[in-house]
file my_file-v4.txt (compact mmCIF, C-alpha atoms)
# COMPACT_ATOMS: atom_id res chain seq x y z
CA MET A 23 63.93 72.53 72.76
CA CYS A 24 61.31 74.93 71.45
CA GLY A 25 62.83 75.40 67.99
CA ASP A 26 63.26 79.17 68.21
CA LEU A 27 66.26 80.70 66.44
CA GLU A 28 68.49 83.31 68.03
CA TYR A 29 71.23 85.29 66.33
CA SER A 30 74.42 85.89 68.33
CA TYR A 31 76.21 89.17 67.63
CA HIS A 32 79.51 89.00 65.74
CA SER A 33 82.11 90.98 67.66
CA CYS A 34 84.00 93.66 65.80
CA LYS A 35 86.80 93.17 68.40
CA ASN A 36 87.48 96.87 68.66
CA ARG A 37 88.67 97.74 72.16
CA HIS A 38 86.54 100.89 72.21
CA CYS A 39 83.27 99.24 71.14
CA PRO A 40 80.56 99.45 73.85
CA LYS A 41 79.23 96.00 72.89
CA CYS A 42 82.26 93.82 72.19
CA GLN A 43 85.10 92.25 74.16
CA ASN A 44 83.09 90.91 77.10
CA GLU A 45 84.90 87.57 76.87
CA ALA A 46 88.30 89.27 76.82
CA ALA A 47 87.37 91.34 79.88
CA THR A 48 86.28 88.20 81.74
CA HIS A 49 89.57 86.49 80.93
CA TRP A 50 91.56 89.55 82.07
CA LEU A 51 89.64 89.61 85.35
CA ALA A 52 90.48 85.95 86.01
CA GLN A 53 94.17 86.62 85.35
CA GLN A 54 94.31 89.58 87.72
CA ARG A 55 92.44 87.76 90.49
CA ALA A 56 95.03 85.01 90.32
CA LEU A 57 97.73 87.56 91.17
CA LEU A 58 96.04 88.95 94.29
CA LEU A 59 97.98 88.72 97.54
CA PRO A 60 96.38 87.98 100.94
CA VAL A 61 96.82 91.59 102.12
CA PRO A 62 94.60 94.67 102.31
CA TYR A 63 94.51 96.63 99.06
CA PHE A 64 94.32 100.34 98.28
CA LEU A 65 92.88 102.29 95.36
CA VAL A 66 95.13 105.26 94.54
CA THR A 67 93.98 107.83 91.95
CA PHE A 68 96.04 110.53 90.21
CA THR A 69 94.20 113.21 88.21
CA LEU A 70 95.62 115.70 85.72
CA PRO A 71 94.51 119.25 86.65
CA GLU A 72 92.14 121.07 84.33
CA GLU A 73 94.89 123.39 83.06
CA LEU A 74 96.80 120.43 81.58
CA ARG A 75 93.88 118.78 79.82
CA PRO A 76 94.13 120.77 76.54
CA LEU A 77 97.79 119.75 76.39
CA ALA A 78 96.85 116.13 77.07
CA ARG A 79 94.23 116.17 74.34
CA SER A 80 96.69 117.47 71.73
CA HIS A 81 99.66 115.30 72.84
CA GLN A 82 97.91 112.13 73.95
CA ILE A 83 100.70 109.56 73.73
CA LEU A 84 103.25 111.79 75.44
CA MET A 85 100.90 113.02 78.18
CA TYR A 86 99.35 109.65 78.95
CA ASN A 87 102.80 108.07 79.17
CA LEU A 88 103.92 110.94 81.37
CA LEU A 89 100.86 110.51 83.62
CA PHE A 90 101.66 106.83 84.12
CA GLN A 91 105.38 107.29 84.67
CA THR A 92 105.27 110.25 87.06
CA SER A 93 102.42 108.91 89.18
CA ALA A 94 104.02 105.48 89.54
CA ALA A 95 107.39 107.05 90.38
CA ALA A 96 105.83 109.35 93.00
CA LEU A 97 104.03 106.48 94.70
CA GLN A 98 107.10 104.26 94.69
CA THR A 99 109.33 107.06 96.01
CA LEU A 100 107.14 107.55 99.07
CA ALA A 101 106.82 103.80 99.61
CA LEU A 102 110.63 103.45 99.72
CA ASP A 103 110.81 105.98 102.56
CA PRO A 104 111.43 104.09 105.86
CA HIS A 105 108.98 106.44 107.59
CA TYR A 106 106.13 104.88 105.58
CA LEU A 107 106.81 101.40 104.13
CA GLY A 108 110.53 101.18 103.42
CA GLY A 109 110.43 98.87 100.43
CA GLN A 110 109.23 98.21 96.91
CA ILE A 111 105.49 98.02 96.27
CA GLY A 112 103.41 96.65 93.41
CA MET A 113 101.01 98.73 91.31
CA MET A 114 98.50 97.86 88.59
CA GLY A 115 97.29 101.01 86.87
CA VAL A 116 94.40 101.67 84.49
CA LEU A 117 94.04 104.88 82.48
CA HIS A 118 90.58 106.49 82.35
CA THR A 119 89.88 109.64 80.38
CA TRP A 120 86.18 110.16 81.11
CA THR A 121 83.71 111.22 83.74
CA ARG A 122 80.25 109.69 84.17
CA ASP A 123 78.86 112.00 81.46
CA LEU A 124 81.82 111.29 79.11
CA ALA A 125 83.55 114.64 79.68
CA TYR A 126 87.32 114.67 79.19
CA HIS A 127 89.01 113.98 82.53
CA PRO A 128 92.33 112.04 82.30
CA HIS A 129 93.26 110.12 85.45
CA VAL A 130 94.93 106.88 86.48
CA HIS A 131 93.63 104.38 89.01
CA TYR A 132 96.15 102.11 90.74
CA LEU A 133 95.29 98.97 92.66
CA VAL A 134 98.10 98.63 95.22
CA PRO A 135 98.73 95.73 97.63
CA GLY A 136 99.13 96.97 101.19
CA GLY A 137 102.77 96.32 101.98
CA ALA A 138 106.28 96.40 100.55
CA LEU A 139 109.17 94.02 99.97
CA SER A 140 112.42 94.99 101.71
CA PRO A 141 115.26 96.15 99.42
CA GLU A 142 117.17 92.89 99.95
CA GLY A 143 113.99 90.86 99.35
CA SER A 144 114.07 89.06 102.69
CA GLN A 145 111.13 90.67 104.51
CA TRP A 146 107.60 91.92 103.93
CA PHE A 147 106.67 95.27 105.50
CA SER A 148 102.98 95.83 106.27
CA PRO A 149 101.40 99.32 106.36
CA ARG A 150 100.62 100.98 109.66
CA SER A 151 96.95 100.09 109.31
CA ALA A 152 94.50 98.65 106.81
CA ALA A 153 93.21 102.20 106.22
CA TRP A 154 96.49 104.03 105.51
CA LEU A 155 99.20 103.53 102.90
CA VAL A 156 101.16 106.76 102.33
CA PRO A 157 100.44 110.47 103.07
CA VAL A 158 98.22 111.78 100.29
CA ARG A 159 99.27 115.44 100.54
CA ALA A 160 102.96 114.57 100.18
CA LEU A 161 102.06 112.22 97.32
CA SER A 162 100.20 115.02 95.52
CA ARG A 163 103.13 117.42 95.78
CA LEU A 164 105.61 114.82 94.63
CA PHE A 165 103.40 113.93 91.66
CA ARG A 166 103.10 117.62 90.74
CA GLY A 167 106.88 118.14 90.92
CA LYS A 168 107.66 115.10 88.78
CA CYS A 169 105.11 116.21 86.17
CA LYS A 170 106.70 119.66 85.98
CA VAL A 171 110.18 118.19 85.48
CA ALA A 172 108.89 115.78 82.80
CA LEU A 173 107.04 118.52 80.91
CA THR A 174 110.06 120.83 81.08
CA THR A 175 112.26 118.06 79.67
CA ALA A 176 109.75 117.47 76.88
CA GLY A 177 109.67 121.20 76.07
CA LEU A 178 105.95 121.54 76.80
CA CYS A 179 106.05 123.47 80.07
CA GLU A 180 105.97 126.98 78.54
CA PRO A 181 102.26 127.04 77.46
CA VAL A 182 101.12 125.73 80.86
CA PRO A 183 99.70 128.46 83.18
CA SER A 184 102.09 129.11 86.05
CA GLN A 185 99.40 128.86 88.72
CA VAL A 186 99.00 125.13 88.04
CA TRP A 187 102.33 124.52 89.81
CA ARG A 188 101.11 126.32 92.95
CA LYS A 189 97.70 124.72 93.35
CA ASP A 190 96.93 121.44 95.08
CA TRP A 191 96.60 118.51 92.67
CA VAL A 192 93.89 115.90 93.18
CA THR A 193 95.36 112.66 94.49
CA HIS A 194 93.21 110.21 96.36
CA CYS A 195 93.93 107.02 98.30
CA LYS A 196 91.35 104.79 99.98
CA PRO A 197 91.17 101.20 101.25
CA ALA A 198 89.96 98.67 98.66
CA GLY A 199 89.45 95.55 100.79
CA THR A 200 90.78 92.43 99.11
CA GLY A 201 90.99 94.15 95.71
CA THR A 202 88.38 91.94 94.04
CA ALA A 203 85.72 94.66 93.87
CA VAL A 204 88.14 97.13 92.26
CA LEU A 205 89.18 94.55 89.66
CA ALA A 206 85.52 93.91 88.87
CA TYR A 207 85.11 97.68 88.41
CA PHE A 208 88.16 97.88 86.12
CA ALA A 209 87.36 94.87 83.92
CA PRO A 210 84.42 96.25 81.87
CA TYR A 211 86.42 99.39 80.99
CA ILE A 212 89.63 97.65 79.94
CA TYR A 213 88.21 96.80 76.51
CA ARG A 214 85.70 99.60 75.95
CA ILE A 215 84.82 103.20 76.76
CA ALA A 216 82.49 103.91 79.69
CA LEU A 217 79.30 103.76 77.64
CA THR A 218 77.05 100.78 77.01
CA ASN A 219 74.29 100.47 74.45
CA ASN A 220 71.58 100.29 77.11
CA ARG A 221 72.51 103.82 78.27
CA LEU A 222 71.68 105.23 74.84
CA GLU A 223 68.00 106.15 75.07
CA LYS A 224 67.08 107.87 71.82
CA LEU A 225 68.19 109.68 68.67
CA GLU A 226 65.63 112.31 67.78
CA ASP A 227 65.78 115.44 65.63
CA GLY A 228 69.55 115.15 65.34
CA HIS A 229 70.05 114.89 69.11
CA VAL A 230 71.29 111.95 71.18
CA THR A 231 70.03 111.31 74.72
CA PHE A 232 71.94 109.06 77.09
CA ARG A 233 71.81 108.51 80.82
CA PHE A 234 74.51 108.33 83.48
CA LYS A 235 74.59 107.77 87.21
CA LYS A 236 74.82 110.72 89.55
CA ARG A 237 78.06 111.18 91.44
CA SER A 238 76.30 110.30 94.67
CA GLY A 239 75.31 106.98 93.12
CA ALA A 240 71.61 107.58 93.76
CA GLY A 241 69.52 107.63 90.61
CA TRP A 242 70.25 108.53 87.00
CA LYS A 243 70.59 111.78 85.04
CA ARG A 244 69.92 112.28 81.36
CA LEU A 245 71.93 114.37 78.95
CA THR A 246 70.84 115.38 75.44
CA LEU A 247 73.46 116.58 72.98
CA PRO A 248 73.55 117.34 69.26
CA ALA A 249 74.70 114.23 67.43
CA GLU A 250 77.99 115.84 66.40
CA ALA A 251 78.72 116.92 69.98
CA PHE A 252 77.91 113.44 71.27
CA ILE A 253 80.22 111.80 68.72
CA HIS A 254 82.97 114.26 69.66
CA ARG A 255 82.49 113.49 73.37
CA PHE A 256 82.72 109.76 72.67
CA LEU A 257 85.65 109.84 70.24
CA GLN A 258 87.89 111.96 72.49
CA HIS A 259 88.27 108.84 74.65
CA VAL A 260 89.45 106.62 71.79
CA LEU A 261 93.09 105.96 72.59
CA PRO A 262 95.97 106.14 70.10
CA ARG A 263 96.60 102.98 68.14
CA ARG A 264 98.26 100.23 70.22
CA PHE A 265 98.47 102.42 73.31
CA SER A 266 98.50 100.32 76.47
CA LYS A 267 95.93 101.61 78.98
CA VAL A 268 96.81 98.97 81.63
CA ARG A 269 100.32 98.96 83.10
CA SER A 270 101.95 97.23 86.03
CA TYR A 271 104.91 98.49 88.03
CA GLY A 272 107.13 97.32 90.85
CA LEU A 273 106.36 93.89 92.24
CA LEU A 274 103.49 93.43 89.78
CA SER A 275 105.52 94.19 86.67
CA PRO A 276 106.04 91.15 84.41
CA ARG A 277 109.75 90.99 85.33
CA ARG A 278 109.13 91.05 89.08
CA ARG A 279 106.10 88.79 89.44
CA LYS A 280 108.38 85.84 90.11
CA VAL A 281 108.74 87.13 93.69
CA LEU A 282 105.00 86.73 94.41
CA PRO A 283 105.35 83.11 95.65
CA GLN A 284 108.09 84.29 98.03
CA ILE A 285 105.81 87.06 99.33
CA ARG A 286 103.04 84.51 99.86
CA THR A 287 105.49 82.49 101.94
CA PHE A 288 106.21 85.54 104.11
CA LEU A 289 102.48 86.08 104.58
CA ALA A 290 101.51 82.45 105.11
CA ALA A 291 101.93 82.54 108.89
CA GLY A 292 100.07 85.81 109.35
CA PRO A 293 96.35 86.65 109.16
CA SER A 294 94.83 86.59 105.70
CA ASN A 295 92.06 88.66 104.20
CA ASP A 296 92.08 86.55 101.04
CA PRO A 297 88.67 85.01 100.27
CA ALA A 298 89.14 81.42 99.19
CA THR A 299 86.51 81.75 96.49
CA ASP A 300 87.77 84.67 94.43
CA SER A 301 91.52 85.00 94.67
CA ALA A 302 94.69 82.96 94.32
CA PRO A 303 95.89 80.39 96.89
CA SER A 304 98.01 81.79 99.71
CA GLN A 305 101.00 79.64 98.74
CA GLY A 306 102.64 78.48 95.54
CA ARG A 307 102.79 80.02 92.09
CA ALA A 308 99.73 81.90 90.96
CA GLN A 309 97.79 79.81 88.46
CA ILE A 310 96.04 81.70 85.67
CA HIS A 311 93.04 80.00 84.11
CA PRO A 312 90.57 81.42 81.61
CA ALA A 313 87.09 81.93 82.96
CA PRO A 314 84.72 79.07 82.04
CA ALA A 315 82.30 79.89 79.28
CA GLN A 316 78.76 80.41 80.51
CA GLU A 317 76.07 78.20 78.98
CA ARG A 318 73.64 80.29 77.00
CA ARG A 319 69.92 79.77 77.51
CA CYS A 320 66.93 80.25 75.21
CA ARG A 321 64.92 83.37 75.93
CA THR A 322 61.65 81.55 75.18
CA CYS A 323 61.87 78.18 76.92
CA GLY A 324 64.98 78.56 79.08
CA GLY A 325 66.65 75.49 77.60
CA PRO A 326 70.27 75.33 76.42
CA LEU A 327 71.08 76.88 73.06
CA VAL A 328 72.71 74.72 70.40
CA CYS A 329 74.91 76.30 67.74
CA LEU A 330 73.52 75.35 64.32
CA VAL A 331 75.69 77.36 61.94
CA ARG A 332 78.35 80.04 62.01
CA LEU A 333 77.89 82.92 59.61
CA ALA A 334 81.21 83.97 58.13
CA PRO A 335 81.70 87.71 57.55
CA HIS A 336 81.31 88.89 53.98
CA ALA A 337 84.51 89.92 52.25
CA ARG A 338 84.63 93.62 51.57
CA GLU A 339 85.48 94.56 48.01
CA PRO A 340 86.17 97.98 46.57
CA PRO A 341 83.34 99.38 44.45
CA ALA A 342 83.51 98.51 40.78
CA TYR A 343 84.07 101.47 38.53
CA ALA A 344 83.53 101.52 34.78
CA ARG A 345 86.79 101.63 32.93
CA VAL A 346 86.97 104.66 30.68
CA VAL A 347 88.92 104.10 27.49
CA PRO A 348 89.88 107.29 25.67
CA ARG A 349 88.73 107.46 22.08
CA ILE A 350 91.57 107.84 19.65
CA GLN A 351 90.95 110.46 17.02
CA GLY A 352 92.15 109.07 13.72
call {"tool": "encode", "arguments": {"input": "my_file-v4.txt", "output": "structure tokens"}}
result
Amino acid sequence: MCGDLEYSYHSCKNRHCPKCQNEAATHWLAQQRALLLPVPYFLVTFTLPEELRPLARSHQILMYNLLFQTSAAALQTLALDPHYLGGQIGMMGVLHTWTRDLAYHPHVHYLVPGGALSPEGSQWFSPRSAAWLVPVRALSRLFRGKCKVALTTAGLCEPVPSQVWRKDWVTHCKPAGTGTAVLAYFAPYIYRIALTNNRLEKLEDGHVTFRFKKRSGAGWKRLTLPAEAFIHRFLQHVLPRRFSKVRSYGLLSPRRRKVLPQIRTFLAAGPSNDPATDSAPSQGRAQIHPAPAQERRCRTCGGPLVCLVRLAPHAREPPAYARVVPRIQG
């Protein structure tokens, strides 16, 4: 031990803080990995068109709920069709509202196991191939139609430009391997917005400069905004109070997860793509364990750090004001 002192940051525990909640994200990742099935996975993305984004920004709770409900219903409807899967699927969805440069872009990512449980629950149907789940063009049209019905029911369809119901909506589906990489991508954004402190480069002359990766993934770009514009761009991704940005449907919903051991039994005799090191066992009930805490090391000598004292937060008190007593004229 070298005797150096190191201060460990006190978490504010706000789910939008770019610094906090790393431990919670690690625990969530361990829970979701324990639920993985030994099947190929798919990443399915539903994006609200640009014409609906002003409506989403002004009616966040309604529009985000609508985005979840209509996209999940569209995906399940196609999966129930005997031409495709013919049964009930599982979906774990995460709401994102940003692009790489923090522009407003509401969309939902779903991690979907490749396969479906028969309506009577006695058989597991596998997809046609590990690279195909459902037809994306049909999924896009079904999603668009369900959104239009939901907005009409909510009385919000009138201000929407009519051409939005004739254009192709962006819906994307691609193979996701065993699902572990997608979960690792989701985890950091479950408890914060897509901005970390190390991406903030400078605050100079009332302007903030931050960097973001290019869409191609090669290299970084830098964007400089007035401080007010940067704060606006960040705060538009702060979700309404207690809004759930992670939702599970179908076989992965809390009420239906009890069938997962039965599905593992169906799959036990077949080939498995489930890595033994980073997902749940192929049989038996999924066991959920918190991730082990990593031992912290000294930056100077590399030895283990020992906690000497915990600093309690200071109680916040309202400012003291002088009491003004009116003078009585006598």
call {"tool": "closest_atom_pairs", "arguments": {"input": "my_file-v4.txt", "of": "segment 152-212 of chain A", "to": "segment 48-65 of chain A", "cutoff": "7 Å", "atoms": "all atoms listed in the file", "output": "CSV"}}
result
residue,atom,partner,partner_atom,distance
A:Ala152,CA,A:Pro62,CA,6.0
A:Cys195,CA,A:Leu65,CA,5.7
A:Lys196,CA,A:Leu65,CA,5.5
A:Pro197,CA,A:Phe64,CA,4.4
A:Ala198,CA,A:Phe64,CA,4.7
A:Gly199,CA,A:Pro62,CA,5.4
A:Thr200,CA,A:Pro62,CA,5.5
A:Gly201,CA,A:Tyr63,CA,5.5
A:Thr202,CA,A:Arg55,CA,6.8
A:Leu205,CA,A:Leu51,CA,6.6
A:Ala206,CA,A:Leu51,CA,6.9
A:Ala209,CA,A:Leu51,CA,5.9
call {"tool": "residues_around", "arguments": {"input": "my_file-v4.txt", "residues": "Thr231 of chain A", "least_positions_apart": "5", "cutoff": "6 Å", "atoms": "only C-alpha atoms", "output": "JSON, numbers by chain"}}
result
{"A": [223, 224, 245, 246]}
call {"tool": "closest_residue", "arguments": {"input": "my_file-v4.txt", "among": "A:Phe252, A:Trp242, A:Phe68, A:Trp120", "to": "Ile215 of chain A", "atoms": "only C-alpha atoms"}}
result
A:Trp120
call {"tool": "residues_around", "arguments": {"input": "my_file-v4.txt", "residues": "segment 95-107 of chain A", "least_positions_apart": "5", "cutoff": "7 Å", "atoms": "only C-alpha atoms", "output": "PyMOL selection string"}}
result
chain A and resi 137-138+147+149+156+161+164-165
call {"tool": "write_last_selection", "arguments": {"input": "my_file-v4.txt", "atoms": "C-alpha atoms", "output": "compact mmCIF listing (two decimals), in the frame of the given file"}}
result
# COMPACT_ATOMS: atom_id res chain seq x y z
CA GLY A 137 102.77 96.32 101.98
CA ALA A 138 106.28 96.40 100.55
CA PHE A 147 106.67 95.27 105.50
CA PRO A 149 101.40 99.32 106.36
CA VAL A 156 101.16 106.76 102.33
CA LEU A 161 102.06 112.22 97.32
CA LEU A 164 105.61 114.82 94.63
CA PHE A 165 103.40 113.93 91.66
call {"tool": "atom_distance", "arguments": {"input": "my_file-v4.txt", "atom1": "atom CA of Arg150 of chain A", "atom2": "atom CA of Pro276 of chain A"}}
result
27.6 Å
call {"tool": "atom_distance", "arguments": {"input": "my_file-v4.txt", "atom1": "atom CA of Arg244 of chain A", "atom2": "atom CA of Asn219 of chain A"}}
result
14.4 Å
call {"tool": "closest_residue", "arguments": {"input": "my_file-v4.txt", "among": "A:His118, A:His129, A:Arg332, A:Lys236", "to": "Arg214 of chain A", "atoms": "only C-alpha atoms"}}
result
A:His118
call {"tool": "residues_around", "arguments": {"input": "my_file-v4.txt", "residues": "Cys179 of chain A", "least_positions_apart": "6", "cutoff": "12 Å", "atoms": "all atoms listed in the file", "output": "list in words"}}
result
Glu73, Leu74, Leu77, Met85, Cys169, Lys170, Val171, Ala172, Leu173, Val186 and Trp187 of chain A
call {"tool": "atom_distance", "arguments": {"input": "my_file-v4.txt", "atom1": "atom CA of Val230 of chain A", "atom2": "atom CA of Pro128 of chain A"}}
result
23.8 Å
call {"tool": "closest_residue", "arguments": {"input": "my_file-v4.txt", "among": "A:Arg321, A:Arg286, A:Lys280, A:Lys243", "to": "Asp123 of chain A", "atoms": "only C-alpha atoms"}}
result
A:Lys243
call {"tool": "closest_atom_pairs", "arguments": {"input": "my_file-v4.txt", "of": "segment 76-127 of chain A", "to": "segment 260-265 of chain A", "cutoff": "12 Å", "atoms": "only C-alpha atoms", "output": "Markdown table"}}
result
| residue | atom | partner | partner_atom | distance |
| --- | --- | --- | --- | --- |
| A:Ala78 | CA | A:Leu261 | CA | 11.7 |
| A:Arg79 | CA | A:Leu261 | CA | 10.4 |
| A:Ser80 | CA | A:Pro262 | CA | 11.5 |
| A:His81 | CA | A:Pro262 | CA | 10.2 |
| A:Gln82 | CA | A:Pro262 | CA | 7.4 |
| A:Ile83 | CA | A:Pro262 | CA | 6.9 |
| A:Leu84 | CA | A:Pro262 | CA | 10.7 |
| A:Met85 | CA | A:Pro262 | CA | 11.7 |
| A:Tyr86 | CA | A:Phe265 | CA | 9.2 |
| A:Asn87 | CA | A:Phe265 | CA | 9.2 |
| A:Val116 | CA | A:Phe265 | CA | 11.9 |
| A:Leu117 | CA | A:Leu261 | CA | 10.0 |
| A:His118 | CA | A:Leu261 | CA | 10.1 |
| A:Thr119 | CA | A:Val260 | CA | 9.1 |
| A:Trp120 | CA | A:Val260 | CA | 10.5 |
| A:Leu124 | CA | A:Val260 | CA | 11.6 |
| A:Tyr126 | CA | A:Val260 | CA | 11.1 |
call {"tool": "residues_around", "arguments": {"input": "my_file-v4.txt", "residues": "segment 108-115 of chain A", "least_positions_apart": "5", "cutoff": "6 Å", "atoms": "all atoms listed in the file", "output": "list in words"}}
result
Ala101, Leu102, Asp103, His131, Tyr132, Leu133, Val134, Ala138, Leu139, Ser140, Pro141, Val268, Arg269, Ser270, Tyr271, Gly272, Leu273 and Leu274 of chain A
call {"tool": "closest_residue", "arguments": {"input": "my_file-v4.txt", "among": "A:Glu72, A:Pro183, A:Gly25, A:Ile212", "to": "Ala125 of chain A", "atoms": "only C-alpha atoms"}}
result
A:Glu72
call {"tool": "closest_residue", "arguments": {"input": "my_file-v4.txt", "among": "A:Lys235, A:Phe208, A:His229, A:Val66", "to": "Pro157 of chain A", "atoms": "only C-alpha atoms"}}
result
A:Val66
call {"tool": "build_atoms", "arguments": {"input": "my_file-v4.txt", "residues": "segment 78-86 of chain A", "atoms": "all heavy atoms", "output": "PDB file, keeping the file's coordinate frame"}}
result
ATOM      1  N   ALA A  78      96.996 117.586  77.147  1.00  0.00           N
ATOM      2  CA  ALA A  78      96.850 116.130  77.070  1.00  0.00           C
ATOM      3  C   ALA A  78      96.054 115.720  75.839  1.00  0.00           C
ATOM      4  O   ALA A  78      96.363 114.725  75.189  1.00  0.00           O
ATOM      5  CB  ALA A  78      96.180 115.608  78.336  1.00  0.00           C
ATOM      6  N   ARG A  79      95.048 116.514  75.495  1.00  0.00           N
ATOM      7  CA  ARG A  79      94.230 116.170  74.340  1.00  0.00           C
ATOM      8  C   ARG A  79      95.012 116.297  73.034  1.00  0.00           C
ATOM      9  O   ARG A  79      94.797 115.523  72.090  1.00  0.00           O
ATOM     10  CB  ARG A  79      92.984 117.073  74.297  1.00  0.00           C
ATOM     11  CG  ARG A  79      91.990 116.686  73.212  1.00  0.00           C
ATOM     12  CD  ARG A  79      90.812 117.638  73.168  1.00  0.00           C
ATOM     13  NE  ARG A  79      89.841 117.357  74.224  1.00  0.00           N
ATOM     14  CZ  ARG A  79      89.645 118.130  75.278  1.00  0.00           C
ATOM     15  NH1 ARG A  79      90.356 119.244  75.431  1.00  0.00           N
ATOM     16  NH2 ARG A  79      88.744 117.834  76.182  1.00  0.00           N
ATOM     17  N   SER A  80      95.934 117.256  72.969  1.00  0.00           N
ATOM     18  CA  SER A  80      96.690 117.470  71.730  1.00  0.00           C
ATOM     19  C   SER A  80      97.987 116.670  71.674  1.00  0.00           C
ATOM     20  O   SER A  80      98.587 116.561  70.600  1.00  0.00           O
ATOM     21  CB  SER A  80      97.005 118.962  71.566  1.00  0.00           C
ATOM     22  OG  SER A  80      97.729 119.444  72.676  1.00  0.00           O
ATOM     23  N   HIS A  81      98.451 116.123  72.808  1.00  0.00           N
ATOM     24  CA  HIS A  81      99.660 115.300  72.840  1.00  0.00           C
ATOM     25  C   HIS A  81      99.358 114.028  73.654  1.00  0.00           C
ATOM     26  O   HIS A  81      99.924 113.802  74.719  1.00  0.00           O
ATOM     27  CB  HIS A  81     100.836 116.043  73.481  1.00  0.00           C
ATOM     28  CG  HIS A  81     101.250 117.274  72.745  1.00  0.00           C
ATOM     29  ND1 HIS A  81     100.585 118.474  72.858  1.00  0.00           N
ATOM     30  CD2 HIS A  81     102.278 117.492  71.885  1.00  0.00           C
ATOM     31  CE1 HIS A  81     101.178 119.382  72.095  1.00  0.00           C
ATOM     32  NE2 HIS A  81     102.214 118.818  71.497  1.00  0.00           N
ATOM     33  N   GLN A  82      98.447 113.221  73.142  1.00  0.00           N
ATOM     34  CA  GLN A  82      97.910 112.130  73.950  1.00  0.00           C
ATOM     35  C   GLN A  82      98.965 111.112  74.348  1.00  0.00           C
ATOM     36  O   GLN A  82      99.069 110.752  75.534  1.00  0.00           O
ATOM     37  CB  GLN A  82      96.765 111.441  73.198  1.00  0.00           C
ATOM     38  CG  GLN A  82      95.538 112.314  73.047  1.00  0.00           C
ATOM     39  CD  GLN A  82      94.368 111.559  72.440  1.00  0.00           C
ATOM     40  OE1 GLN A  82      94.339 110.334  72.415  1.00  0.00           O
ATOM     41  NE2 GLN A  82      93.394 112.303  71.942  1.00  0.00           N
ATOM     42  N   ILE A  83      99.737 110.608  73.404  1.00  0.00           N
ATOM     43  CA  ILE A  83     100.700 109.560  73.730  1.00  0.00           C
ATOM     44  C   ILE A  83     101.711 110.069  74.756  1.00  0.00           C
ATOM     45  O   ILE A  83     101.982 109.404  75.766  1.00  0.00           O
ATOM     46  CB  ILE A  83     101.411 109.068  72.451  1.00  0.00           C
ATOM     47  CG1 ILE A  83     100.415 108.367  71.519  1.00  0.00           C
ATOM     48  CG2 ILE A  83     102.548 108.113  72.802  1.00  0.00           C
ATOM     49  CD1 ILE A  83     101.022 107.864  70.234  1.00  0.00           C
ATOM     50  N   LEU A  84     102.257 111.244  74.524  1.00  0.00           N
ATOM     51  CA  LEU A  84     103.250 111.790  75.440  1.00  0.00           C
ATOM     52  C   LEU A  84     102.653 112.034  76.832  1.00  0.00           C
ATOM     53  O   LEU A  84     103.233 111.644  77.850  1.00  0.00           O
ATOM     54  CB  LEU A  84     103.822 113.086  74.877  1.00  0.00           C
ATOM     55  CG  LEU A  84     104.981 113.719  75.648  1.00  0.00           C
ATOM     56  CD1 LEU A  84     105.924 114.432  74.690  1.00  0.00           C
ATOM     57  CD2 LEU A  84     104.484 114.716  76.705  1.00  0.00           C
ATOM     58  N   MET A  85     101.482 112.658  76.891  1.00  0.00           N
ATOM     59  CA  MET A  85     100.900 113.020  78.180  1.00  0.00           C
ATOM     60  C   MET A  85     100.392 111.820  78.947  1.00  0.00           C
ATOM     61  O   MET A  85     100.514 111.755  80.171  1.00  0.00           O
ATOM     62  CB  MET A  85      99.782 114.041  77.969  1.00  0.00           C
ATOM     63  CG  MET A  85     100.259 115.406  77.528  1.00  0.00           C
ATOM     64  SD  MET A  85     101.326 116.214  78.762  1.00  0.00           S
ATOM     65  CE  MET A  85     100.183 116.461  80.098  1.00  0.00           C
ATOM     66  N   TYR A  86      99.822 110.848  78.252  1.00  0.00           N
ATOM     67  CA  TYR A  86      99.350 109.650  78.950  1.00  0.00           C
ATOM     68  C   TYR A  86     100.528 108.832  79.486  1.00  0.00           C
ATOM     69  O   TYR A  86     100.467 108.294  80.602  1.00  0.00           O
ATOM     70  CB  TYR A  86      98.486 108.800  78.034  1.00  0.00           C
ATOM     71  CG  TYR A  86      97.188 109.452  77.603  1.00  0.00           C
ATOM     72  CD1 TYR A  86      96.494 109.013  76.484  1.00  0.00           C
ATOM     73  CD2 TYR A  86      96.666 110.524  78.315  1.00  0.00           C
ATOM     74  CE1 TYR A  86      95.305 109.602  76.086  1.00  0.00           C
ATOM     75  CE2 TYR A  86      95.481 111.131  77.921  1.00  0.00           C
ATOM     76  CZ  TYR A  86      94.805 110.661  76.800  1.00  0.00           C
ATOM     77  OH  TYR A  86      93.634 111.260  76.401  1.00  0.00           O
TER      78      TYR A  86
END
